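S.K.: Enclosed is the structure file structure05.cif (mmCIF, C-alpha atoms).
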```cif
data_upload
loop_
_atom_site.label_atom_id
_atom_site.label_comp_id
_atom_site.auth_asym_id
_atom_site.auth_seq_id
_atom_site.Cartn_x
_atom_site.Cartn_y
_atom_site.Cartn_z
CA MET F 27 -14.92 -28.10 11.21
CA LYS F 28 -13.62 -25.22 9.11
CA LEU F 29 -16.57 -23.08 9.94
CA LYS F 30 -16.34 -23.81 13.62
CA LEU F 31 -12.71 -22.79 13.74
CA LEU F 32 -13.33 -19.62 11.82
CA PHE F 33 -16.21 -18.84 14.10
CA ILE F 34 -14.05 -19.30 17.19
CA THR F 35 -11.27 -17.09 15.85
CA ILE F 36 -13.72 -14.38 14.91
CA LEU F 37 -15.24 -14.62 18.35
CA LEU F 38 -11.79 -14.28 19.84
CA MET F 39 -11.04 -11.24 17.75
CA VAL F 40 -14.31 -9.60 18.63
CA SER F 41 -13.90 -10.22 22.33
CA CYS F 42 -10.41 -8.79 22.12
CA ALA F 43 -11.70 -5.63 20.55
CA LYS F 44 -14.47 -5.41 23.09
CA GLU F 45 -12.09 -5.71 26.01
CA LYS F 46 -10.10 -2.84 24.68
CA LYS F 47 -13.17 -0.69 24.44
CA THR F 48 -14.39 -1.27 27.98
CA ALA F 49 -10.92 -0.44 29.22
CA THR F 50 -11.07 2.99 27.64
CA ILE F 51 -14.56 3.61 28.95
CA GLN F 52 -13.45 2.84 32.48
CA GLU F 53 -10.57 5.17 32.08
CA VAL F 54 -12.92 7.93 31.03
CA SER F 55 -15.37 7.44 33.86
CA GLY F 56 -12.71 7.09 36.56
CA GLN F 57 -12.85 10.22 38.63
CA GLU F 58 -10.66 11.62 41.30
CA VAL F 59 -11.46 14.24 43.83
CA LEU F 60 -9.16 17.18 43.87
CA GLN F 61 -7.87 17.77 47.32
CA ASN F 62 -5.70 20.44 48.79
CA ASP F 63 -5.49 23.70 50.46
CA LYS F 64 -4.74 26.82 48.55
CA ASN F 65 -6.90 29.27 50.38
CA SER F 66 -4.94 32.43 49.99
CA ASP F 67 -7.20 35.05 48.49
CA ASP F 68 -4.74 36.21 45.96
CA PHE F 69 -1.60 34.65 44.65
CA GLN F 70 1.00 35.56 42.14
CA LEU F 71 0.95 33.52 38.96
CA GLU F 72 4.42 32.78 37.62
CA VAL F 73 4.50 33.63 33.91
CA TYR F 74 7.44 32.79 31.68
CA ASP F 75 8.48 32.90 28.08
CA PHE F 76 10.21 29.76 26.83
CA SER F 77 13.68 30.77 27.95
CA GLY F 78 12.20 31.24 31.40
CA LEU F 79 10.50 27.86 31.25
CA GLU F 80 13.54 25.95 30.00
CA PRO F 81 15.18 25.54 33.43
CA PHE F 82 12.04 23.71 34.60
CA LEU F 83 12.63 21.17 31.83
CA ASN F 84 16.32 20.71 32.47
CA LYS F 85 16.98 20.35 36.18
CA LYS F 86 19.69 17.91 37.14
CA ASP F 87 19.05 17.45 40.83
CA ASP F 88 18.20 13.70 40.85
CA LYS F 89 14.56 14.58 41.29
CA ILE F 90 11.92 13.19 38.93
CA TYR F 91 9.90 15.94 37.25
CA VAL F 92 6.53 15.37 35.64
CA VAL F 93 5.84 18.40 33.44
CA ASN F 94 2.35 18.57 32.00
CA PHE F 95 1.30 21.05 29.30
CA TRP F 96 -2.36 21.95 29.67
CA ALA F 97 -4.94 24.74 29.53
CA THR F 98 -8.30 25.42 31.15
CA TRP F 99 -9.86 25.47 27.65
CA CYS F 100 -8.56 21.98 26.88
CA ALA F 101 -11.16 19.46 28.03
CA PRO F 102 -8.97 16.33 27.98
CA CYS F 103 -6.31 18.27 29.90
CA VAL F 104 -8.75 19.28 32.62
CA LYS F 105 -9.97 15.70 32.83
CA GLU F 106 -6.52 14.31 33.52
CA LEU F 107 -5.41 17.04 35.95
CA PRO F 108 -6.67 15.11 38.99
CA TYR F 109 -4.33 12.25 38.10
CA PHE F 110 -1.37 14.59 38.07
CA GLU F 111 -2.50 16.05 41.38
CA LYS F 112 -2.80 12.57 42.86
CA LEU F 113 0.61 11.60 41.53
CA ASN F 114 2.09 14.72 43.05
CA SER F 115 0.68 14.06 46.50
CA GLU F 116 1.35 10.32 46.53
CA TYR F 117 4.92 10.47 45.26
CA LYS F 118 6.04 13.70 46.90
CA ASN F 119 8.06 11.71 49.40
CA GLN F 120 9.79 9.78 46.66
CA ASN F 121 11.51 12.79 45.18
CA VAL F 122 8.86 13.44 42.53
CA GLU F 123 7.49 16.85 41.57
CA VAL F 124 4.65 17.66 39.20
CA VAL F 125 4.79 20.95 37.30
CA LEU F 126 1.66 22.08 35.45
CA VAL F 127 2.51 24.40 32.57
CA SER F 128 -0.58 26.35 31.53
CA LEU F 129 -0.94 27.49 27.93
CA ASP F 130 -3.98 29.61 28.72
CA PHE F 131 -4.27 32.91 26.90
CA PRO F 132 -2.69 35.79 28.85
CA HIS F 133 -5.82 37.94 28.70
CA LEU F 134 -7.65 35.19 30.57
CA TYR F 135 -5.10 34.63 33.37
CA GLU F 136 -7.17 36.67 35.82
CA LYS F 137 -10.61 35.68 34.57
CA LYS F 138 -10.09 31.98 33.92
CA LEU F 139 -6.77 30.49 34.99
CA LYS F 140 -6.36 31.92 38.49
CA PRO F 141 -9.97 31.19 39.49
CA PHE F 142 -9.55 27.65 38.14
CA ILE F 143 -6.40 27.07 40.19
CA LYS F 144 -8.15 28.38 43.29
CA GLU F 145 -11.44 26.56 42.82
CA ASN F 146 -9.72 23.25 42.24
CA ASN F 147 -7.15 23.79 44.97
CA LEU F 148 -4.33 22.72 42.71
CA ALA F 149 -1.45 21.70 44.93
CA SER F 150 1.06 21.02 42.17
CA LYS F 151 3.19 23.90 41.01
CA VAL F 152 1.38 25.82 38.26
CA ILE F 153 3.26 28.12 35.93
CA ALA F 154 2.06 29.87 32.79
CA LEU F 155 3.93 29.87 29.50
CA ASP F 156 3.36 32.92 27.32
CA ASP F 157 5.45 32.64 24.18
CA ALA F 158 3.87 33.09 20.75
CA ASN F 159 6.95 31.79 19.00
CA MET F 160 5.64 28.25 19.03
CA ASN F 161 7.42 26.98 15.97
CA THR F 162 10.68 27.59 17.83
CA TRP F 163 9.89 26.30 21.29
CA ILE F 164 7.63 23.30 20.58
CA PRO F 165 10.45 21.28 18.96
CA MET F 166 12.71 22.30 21.87
CA VAL F 167 10.39 20.50 24.29
CA ASP F 168 10.40 17.45 22.03
CA GLU F 169 11.12 17.24 18.32
CA ASN F 170 8.24 14.81 17.81
CA TRP F 171 5.61 17.04 19.44
CA SER F 172 3.04 18.17 16.85
CA GLY F 173 1.73 20.76 19.31
CA SER F 174 -1.49 19.18 20.48
CA ILE F 175 -2.24 19.18 24.19
CA PRO F 176 -2.32 17.51 26.63
CA ALA F 177 1.37 16.66 26.42
CA THR F 178 3.69 15.52 29.19
CA VAL F 179 7.43 15.27 29.81
CA ILE F 180 8.77 13.01 32.55
CA TYR F 181 12.47 13.39 33.26
CA LYS F 182 15.20 12.72 35.74
CA ASN F 183 18.56 14.33 35.02
CA ASP F 184 19.34 13.31 31.42
CA GLU F 185 16.78 10.56 31.15
CA ARG F 186 13.52 11.77 29.66
CA ARG F 187 10.36 10.63 27.96
CA PHE F 188 7.74 12.64 26.09
CA PHE F 189 4.05 11.82 25.69
CA GLU F 190 1.62 13.53 23.33
CA GLN F 191 -1.44 11.86 24.79
CA SER F 192 -3.98 11.77 27.63
CA PHE F 193 -3.34 9.70 30.73
CA ASN F 194 -5.37 7.89 33.31
CA TYR F 195 -3.83 7.46 36.76
CA GLU F 196 -2.63 3.90 36.21
CA GLU F 197 -0.88 4.74 32.96
CA LEU F 198 0.71 7.81 34.47
CA GLU F 199 1.90 5.91 37.53
CA LYS F 200 3.31 3.17 35.33
CA GLU F 201 5.38 5.66 33.35
CA LEU F 202 6.58 7.34 36.51
CA LYS F 203 7.65 4.03 38.03
CA GLN F 204 9.98 3.45 35.12
CA PHE F 205 11.96 6.38 36.49
CA ILE F 206 11.79 5.33 40.12
CA LYS F 207 12.99 1.77 39.46
CA MET Z 236 -7.38 -31.33 10.44
CA LYS Z 237 -4.46 -30.22 8.33
CA LYS Z 238 -6.72 -27.91 6.46
CA SER Z 239 -8.05 -26.32 9.59
CA ILE Z 240 -4.52 -25.69 10.83
CA LYS Z 241 -3.82 -23.98 7.55
CA ILE Z 242 -6.91 -21.84 7.94
CA LEU Z 243 -6.01 -21.01 11.49
CA SER Z 244 -2.52 -19.93 10.52
CA VAL Z 245 -3.93 -17.74 7.76
CA VAL Z 246 -6.33 -16.14 10.21
CA PHE Z 247 -3.51 -15.51 12.67
CA LEU Z 248 -1.38 -14.06 9.95
CA LEU Z 249 -4.23 -11.75 9.04
CA MET Z 250 -4.64 -10.70 12.63
CA LEU Z 251 -0.93 -10.01 12.91
CA VAL Z 252 -0.91 -7.95 9.75
CA SER Z 253 -3.97 -5.98 10.76
CA ALA Z 254 -2.48 -5.33 14.19
CA PHE Z 255 0.61 -3.86 12.59
CA ASN Z 256 -1.45 -1.79 10.22
CA VAL Z 257 -3.35 -0.25 13.10
CA ASN Z 258 -0.10 0.69 14.78
CA ASN Z 259 1.26 2.27 11.66
CA THR Z 260 -1.70 4.40 10.73
CA ALA Z 261 -2.13 5.70 14.26
CA SER Z 262 0.79 8.10 14.25
CA ASP Z 263 1.72 8.43 10.59
CA GLY Z 264 0.17 10.62 8.00
CA TYR Z 265 1.20 12.48 4.89
CA GLN Z 266 4.73 13.79 4.76
CA ILE Z 267 5.90 16.63 2.52
CA GLY Z 268 5.95 15.35 -1.05
CA ASP Z 269 3.28 12.68 -0.54
CA VAL Z 270 0.22 12.51 -2.77
CA ALA Z 271 -2.92 13.21 -0.76
CA GLU Z 272 -5.81 10.90 -1.51
CA ASP Z 273 -9.07 12.61 -2.44
CA PHE Z 274 -12.00 12.47 -0.03
CA SER Z 275 -15.75 12.80 -0.26
CA LEU Z 276 -17.18 14.53 2.79
CA LYS Z 277 -20.50 16.13 3.60
CA ASN Z 278 -20.61 19.91 3.58
CA ILE Z 279 -22.85 21.90 5.93
CA ASP Z 280 -25.24 22.44 2.98
CA GLY Z 281 -25.72 18.68 2.65
CA ASN Z 282 -23.71 18.28 -0.56
CA MET Z 283 -20.71 16.02 -0.80
CA VAL Z 284 -17.40 17.75 -1.57
CA SER Z 285 -14.22 16.29 -3.09
CA MET Z 286 -11.05 17.92 -4.34
CA ALA Z 287 -11.88 16.46 -7.76
CA ASP Z 288 -14.89 18.83 -7.91
CA TYR Z 289 -12.55 21.78 -8.35
CA ASN Z 290 -11.66 21.72 -12.03
CA ASN Z 291 -9.85 25.04 -12.06
CA ALA Z 292 -7.95 24.71 -8.81
CA LYS Z 293 -4.16 24.76 -8.82
CA GLY Z 294 -4.11 23.39 -5.32
CA PHE Z 295 -5.83 23.49 -1.95
CA ILE Z 296 -5.53 24.91 1.53
CA ILE Z 297 -6.92 22.02 3.57
CA THR Z 298 -7.73 23.26 7.06
CA PHE Z 299 -8.66 20.98 9.95
CA THR Z 300 -10.64 23.19 12.28
CA CYS Z 301 -13.66 23.20 14.57
CA ASN Z 302 -16.01 25.45 16.54
CA THR Z 303 -14.93 24.50 20.03
CA CYS Z 304 -11.16 24.94 20.11
CA PRO Z 305 -10.14 28.47 21.17
CA PHE Z 306 -7.07 28.30 18.97
CA ALA Z 307 -9.17 27.40 15.95
CA VAL Z 308 -11.64 30.18 16.81
CA MET Z 309 -8.80 32.71 17.00
CA TYR Z 310 -7.89 31.78 13.46
CA GLU Z 311 -11.39 31.79 11.92
CA ASP Z 312 -11.12 35.27 10.44
CA ARG Z 313 -7.68 34.51 9.09
CA ILE Z 314 -8.92 31.27 7.47
CA GLN Z 315 -11.71 33.25 5.85
CA ALA Z 316 -9.18 35.85 4.65
CA LEU Z 317 -7.04 33.10 3.12
CA ASN Z 318 -9.99 31.87 1.07
CA VAL Z 319 -10.94 35.36 -0.05
CA LYS Z 320 -7.38 36.02 -1.16
CA TYR Z 321 -6.46 32.68 -2.70
CA ALA Z 322 -9.62 30.98 -4.01
CA THR Z 323 -9.65 33.18 -7.10
CA LEU Z 324 -5.93 32.56 -7.57
CA GLY Z 325 -6.56 28.82 -7.65
CA TYR Z 326 -5.96 27.83 -4.04
CA PRO Z 327 -9.34 27.55 -2.29
CA VAL Z 328 -9.71 26.71 1.40
CA ILE Z 329 -11.48 23.47 2.26
CA ALA Z 330 -12.21 23.25 5.98
CA ILE Z 331 -12.71 19.86 7.62
CA MET Z 332 -14.12 19.36 11.14
CA PRO Z 333 -12.46 16.18 12.47
CA ASN Z 334 -13.87 15.86 16.02
CA ASN Z 335 -16.20 13.17 17.32
CA THR Z 336 -19.35 15.18 17.96
CA ALA Z 337 -20.46 12.79 20.70
CA VAL Z 338 -17.45 14.06 22.67
CA LYS Z 339 -17.78 17.65 21.43
CA PRO Z 340 -21.49 18.39 20.82
CA GLY Z 341 -20.51 21.99 20.06
CA ASP Z 342 -19.03 20.70 16.81
CA ALA Z 343 -22.19 18.92 15.61
CA LEU Z 344 -23.53 19.73 12.14
CA PRO Z 345 -26.18 22.26 13.24
CA GLU Z 346 -23.51 24.08 15.25
CA MET Z 347 -21.15 24.04 12.29
CA LYS Z 348 -23.89 25.56 10.14
CA LYS Z 349 -24.56 28.24 12.71
CA ARG Z 350 -20.90 29.13 13.06
CA ALA Z 351 -20.34 29.26 9.30
CA LYS Z 352 -23.31 31.57 8.93
CA GLU Z 353 -22.23 33.85 11.79
CA LYS Z 354 -18.72 34.16 10.42
CA GLY Z 355 -19.80 34.27 6.77
CA PHE Z 356 -17.53 31.42 5.72
CA THR Z 357 -17.07 31.45 1.93
CA PHE Z 358 -15.46 28.00 1.87
CA PRO Z 359 -16.94 24.53 2.41
CA TYR Z 360 -17.00 23.39 6.02
CA LEU Z 361 -16.98 19.61 5.84
CA MET Z 362 -17.49 17.01 8.50
CA ASP Z 363 -15.18 14.02 8.79
CA GLU Z 364 -18.06 12.03 10.17
CA ALA Z 365 -16.40 8.61 9.95
CA GLN Z 366 -13.16 10.17 11.24
CA ASN Z 367 -11.15 8.42 8.55
CA VAL Z 368 -9.84 11.41 6.60
CA TYR Z 369 -7.87 13.27 9.30
CA PRO Z 370 -5.77 10.18 10.17
CA LYS Z 371 -4.73 9.83 6.52
CA PHE Z 372 -3.45 13.38 6.61
CA GLY Z 373 -1.92 12.78 10.01
CA ALA Z 374 -3.70 15.76 11.51
CA THR Z 375 -3.46 15.73 15.31
CA LYS Z 376 -5.06 19.00 16.29
CA THR Z 377 -7.15 21.98 15.32
CA PRO Z 378 -6.17 24.14 13.59
CA HIS Z 379 -3.85 22.07 11.38
CA ILE Z 380 -3.19 23.18 7.78
CA TYR Z 381 -2.08 21.26 4.72
CA VAL Z 382 -1.26 23.11 1.51
CA LEU Z 383 -1.53 20.83 -1.52
CA GLU Z 384 -0.41 21.45 -5.08
CA LYS Z 385 -2.41 19.88 -7.89
CA THR Z 386 -0.16 18.08 -10.36
CA LYS Z 387 -0.56 15.33 -12.92
CA LYS Z 388 0.52 12.86 -10.25
CA GLY Z 389 -2.16 14.08 -7.87
CA ASN Z 390 -2.45 16.59 -5.05
CA ILE Z 391 1.00 16.80 -3.50
CA VAL Z 392 1.54 17.92 0.09
CA LYS Z 393 3.73 21.02 0.06
CA TYR Z 394 3.24 22.52 3.52
CA ILE Z 395 2.06 21.22 6.91
CA GLY Z 396 1.51 23.27 10.05
CA ALA Z 397 0.25 26.59 11.36
CA ILE Z 398 -1.25 29.55 9.50
CA ASP Z 399 1.20 32.08 10.87
CA ASP Z 400 3.53 32.73 13.79
CA ASN Z 401 1.21 34.56 16.18
CA HIS Z 402 -2.06 33.00 17.28
CA LYS Z 403 -2.83 35.70 19.83
CA ASP Z 404 -2.65 38.74 17.65
CA ALA Z 405 -3.11 38.79 13.89
CA SER Z 406 -1.62 42.26 13.73
CA ALA Z 407 1.59 41.10 15.43
CA VAL Z 408 2.24 38.33 12.91
CA LYS Z 409 5.75 38.41 11.48
CA VAL Z 410 5.66 35.33 9.24
CA LYS Z 411 2.59 34.19 7.33
CA TYR Z 412 3.53 30.55 6.79
CA VAL Z 413 0.55 29.50 4.65
CA GLU Z 414 0.58 32.63 2.49
CA ASN Z 415 4.31 32.25 1.90
CA ALA Z 416 3.81 28.63 0.87
CA VAL Z 417 0.96 29.40 -1.55
CA ASP Z 418 2.73 32.47 -2.96
CA ALA Z 419 5.80 30.36 -3.69
CA LEU Z 420 3.71 27.68 -5.41
CA LEU Z 421 1.89 30.29 -7.51
CA LYS Z 422 5.27 31.56 -8.69
CA GLY Z 423 6.46 28.06 -9.43
CA GLU Z 424 9.03 28.25 -6.66
CA THR Z 425 9.75 25.75 -3.92
CA VAL Z 426 8.21 26.30 -0.51
CA LYS Z 427 10.97 27.40 1.87
CA GLN Z 428 9.36 26.70 5.24
CA LYS Z 429 7.67 23.34 4.65
CA GLU Z 430 6.63 22.48 8.20
CA THR Z 431 5.82 24.47 11.32
CA LYS Z 432 4.64 23.60 14.81
CA ALA Z 433 1.94 25.27 16.87
CA ILE Z 434 -0.18 24.46 19.90
CA GLY Z 435 -3.69 23.25 19.16
CA CYS Z 436 -6.56 21.22 20.58
CA SER Z 437 -6.14 17.48 20.20
CA ILE Z 438 -8.66 15.98 17.78
CA LYS Z 439 -11.44 14.36 19.83
CA VAL Z 440 -11.82 10.68 19.06
#
```
Before anything else, please render the file you have as structure tokens.
M.R.:
Amino acid sequence: MKLKLLFITILLMVSCAKEKKTATIQEVSGQEVLQNDKNSDDFQLEVYDFSGLEPFLNKKDDKIYVVNFWATWCAPCVKELPYFEKLNSEYKNQNVEVVLVSLDFPHLYEKKLKPFIKENNLASKVIALDDANMNTWIPMVDENWSGSIPATVIYKNDERRFFEQSFNYEELEKELKQFIK
Amino acid sequence: MKKSIKILSVVFLLMLVSAFNVNNTASDGYQIGDVAEDFSLKNIDGNMVSMADYNNAKGFIITFTCNTCPFAVMYEDRIQALNVKYATLGYPVIAIMPNNTAVKPGDALPEMKKRAKEKGFTFPYLMDEAQNVYPKFGATKTPHIYVLEKTKKGNIVKYIGAIDDNHKDASAVKVKYVENAVDALLKGETVKQKETKAIGCSIKV
């Protein structure tokens, strides 16, 4: 009797753990196709230092902003970009705007970042942040941010949430919906 | 029957406790003033390395780094310079590669060996193969530095953060955070800037 019970509980625990694992695998393999139309041969990349970026993090126009910190050299960032693109296109009409803040290195803007934006037809607004004074500006984005990317801020007026993590589309949508209500 | 209920409740209690433990260790790590537990990790030469191996050390510059993160790569020469300057003064660098190499094959042991040889690393470059050391420290990214001071109570965390205040250009650095911390400790003074923030690559799980 004892043994049986123990066996069942262990089985339960194991299956729980297993479920969790498959969920993350699905999330990893889920792929989205980037769609949009940025065909212009050359475009101007907006580059800011942190004081220039701050207004993008503090708008009070009743719009919901999803601000994602990423870089072309950051593999998990690149992997989740399609979800941000999808969110941007699907929720555009619900007063939502995605802003992609690139932390690429300035000497690679022309060689890496701009070609990446073009090749992937990124439709969301992309801006570049060039500010070496990280110890000052990272805590200003969120005091709990250790500085690893990807990282995302979702805000509407004074209501805001910060995420130092990767997203899949469902998770991202779920967080956004908390703001739409 | 009574007995089995008892057992069941104990098992549930255990599950509950373990669930909470998982939650706690996920985001926490050493804070300033905490004693850092020693580790035993494999170096690129095949030998195991622990802090206890360093009899004459006054402390350590523990550096979580890897081959594949551009930020970490930008700092390689500066990590090497730290070891050259401070190992003889009693604060050697110990580098630890925390990434899951299945996710980042470029950080696998043969690649680590190659990189260390190319750059002429004079410090151990260890692999956190089981990925159970970096969470204890609370490291979230590469590069991520912990300066420890060896005391009778153990190795105490004195500084957590970046190497300096300019990743892009070593010659434009205004504040050398790690050097300031170690210099203060060598003089028996308190570290003024105990924690700093910098962008880095998330550790690949």
S.K.: Residues of chain Z within 7 Å of chain F: nearest atom pair and distance (Å, one decimal) for each, counting only C-alpha atoms, sorted by chain and number, as CSV?
M.R.:
```
residue,atom,partner,partner_atom,distance
Z:Ser239,CA,F:Lys28,CA,5.7
Z:Thr375,CA,F:Ser174,CA,6.5
Z:Lys376,CA,F:Ser174,CA,5.5
Z:Asp400,CA,F:Asn159,CA,6.3
Z:Asn401,CA,F:Ala158,CA,5.5
Z:His402,CA,F:Ala158,CA,6.9
Z:Thr431,CA,F:Asn161,CA,5.5
Z:Lys432,CA,F:Asn161,CA,4.5
Z:Ala433,CA,F:Gly173,CA,5.1
Z:Ile434,CA,F:Gly173,CA,4.2
Z:Gly435,CA,F:Ser174,CA,4.8
Z:Cys436,CA,F:Ser174,CA,5.5
Z:Ser437,CA,F:Ser174,CA,5.0
```
S.K.: Would you mind listing what lies within 6 Å of range 291-308 of chain Z as a VMD selection string, with all atoms listed in the file counted and same-chain residues fewer than 3 positions away left out?
M.R.: chain Z and resid 311 325 to 332 342 377 to 385 436
S.K.: Find, counting only C-alpha atoms, the residue in Z:Pro359, Z:Gly373, Z:Gly396, Z:Pro345 that gets nearest to Lys429 in chain Z.
M.R.: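 Closest residue, counting only C-alpha atoms: Z:Gly396.
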S.K.: Between F:Tyr135, F:Phe188, F:Tyr117, F:Phe110, single out the one closest to Ser150 in chain F, counting only C-alpha atoms.
M.R.: F:Phe110
S.K.: On this file, the PyMOL selection byres ((chain Z and resi 358) around 10) gives some set of residues; write that set as a PyMOL selection string.
M.R.: chain Z and resi 278+314-315+317-319+322+327-330+351+355-357+359-361
S.K.: Would you write out, as a PyMOL selection string, every residue that the PyMOL selection byres ((chain Z and resi 265) around 8) captures in this file?
M.R.: chain Z and resi 263-264+266-267+269-271+371-373+392
S.K.: Which value, in Å to one decimal, gives the distance between CA of Ile438 in chain Z and CA of Pro333 in chain Z?
M.R.: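 These atoms are spaced 6.5 Å apart.
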S.K.: Neighbours of Glu197 in chain F within 10 Å (all atoms listed in the file; same-chain residues fewer than 5 positions away dropped), as a PyMOL selection string?
M.R.: chain F and resi 53+109+192+202-203
S.K.: Next, dump the selected residues to file, keeping only C-alpha atoms, as a PDB file, keeping the file's coordinate frame.
M.R.:
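Ended up saving to out.pdb:
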```pdb
ATOM      1  CA  GLU F  53     -10.570   5.170  32.080  1.00  0.00           C
ATOM      2  CA  TYR F 109      -4.330  12.250  38.100  1.00  0.00           C
ATOM      3  CA  SER F 192      -3.980  11.770  27.630  1.00  0.00           C
ATOM      4  CA  LEU F 202       6.580   7.340  36.510  1.00  0.00           C
ATOM      5  CA  LYS F 203       7.650   4.030  38.030  1.00  0.00           C
TER       6      LYS F 203
END
```
S.K.: Identify which of the residues Z:Lys422, Z:Lys439, Z:Lys277, Z:Lys388 lies closest to Asn335 in chain Z, counting all atoms listed in the file when measuring atom-to-atom distances.
M.R.: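 Counting all atoms listed in the file, the residue closest to Asn335 in chain Z is Z:Lys439.
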S.K.: CA of Met286 in chain Z and CA of Ala419 in chain Z are how many Å apart?
M.R.: 21.0 Å
S.K.: One decimal, in Å: what's the spacing between CA of Asp404 in chain Z and CA of Met309 in chain Z?
M.R.: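 Distance reported for this atom pair: 8.6 Å.
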S.K.: Would you mind telling me which residue in F:Val104, F:Val179, F:Leu83, F:Val167 lies nearest to Phe142 in chain F when using all atoms listed in the file?
M.R.: F:Val104
S.K.: Which centre and edge lengths in Å to one decimal define the box along x, y and z that fits every listed atom of range 298-314 of chain Z plus 6 Å per side, as lines of an AutoDock Vina configuration file?
M.R.:
```
center_x = -11.5
center_y = 28.1
center_z = 14.1
size_x = 20.9
size_y = 26.3
size_z = 26.1
```
S.K.: Need the shell around Leu107 in chain F: protein/DNA/RNA residues with any atom at most 9 Å away, counting only C-alpha atoms. Skip same-chain ones fewer than 6 positions apart. Format as a VMD selection string?
M.R.: chain F and resid 60 94 96 126 148
S.K.: As a check of understanding, name the residues that the PyMOL selection byres ((chain F and resi 151) around 7) selects in the supplied structure, as a PyMOL selection string.
M.R.: chain F and resi 124-126+149-150+152-153
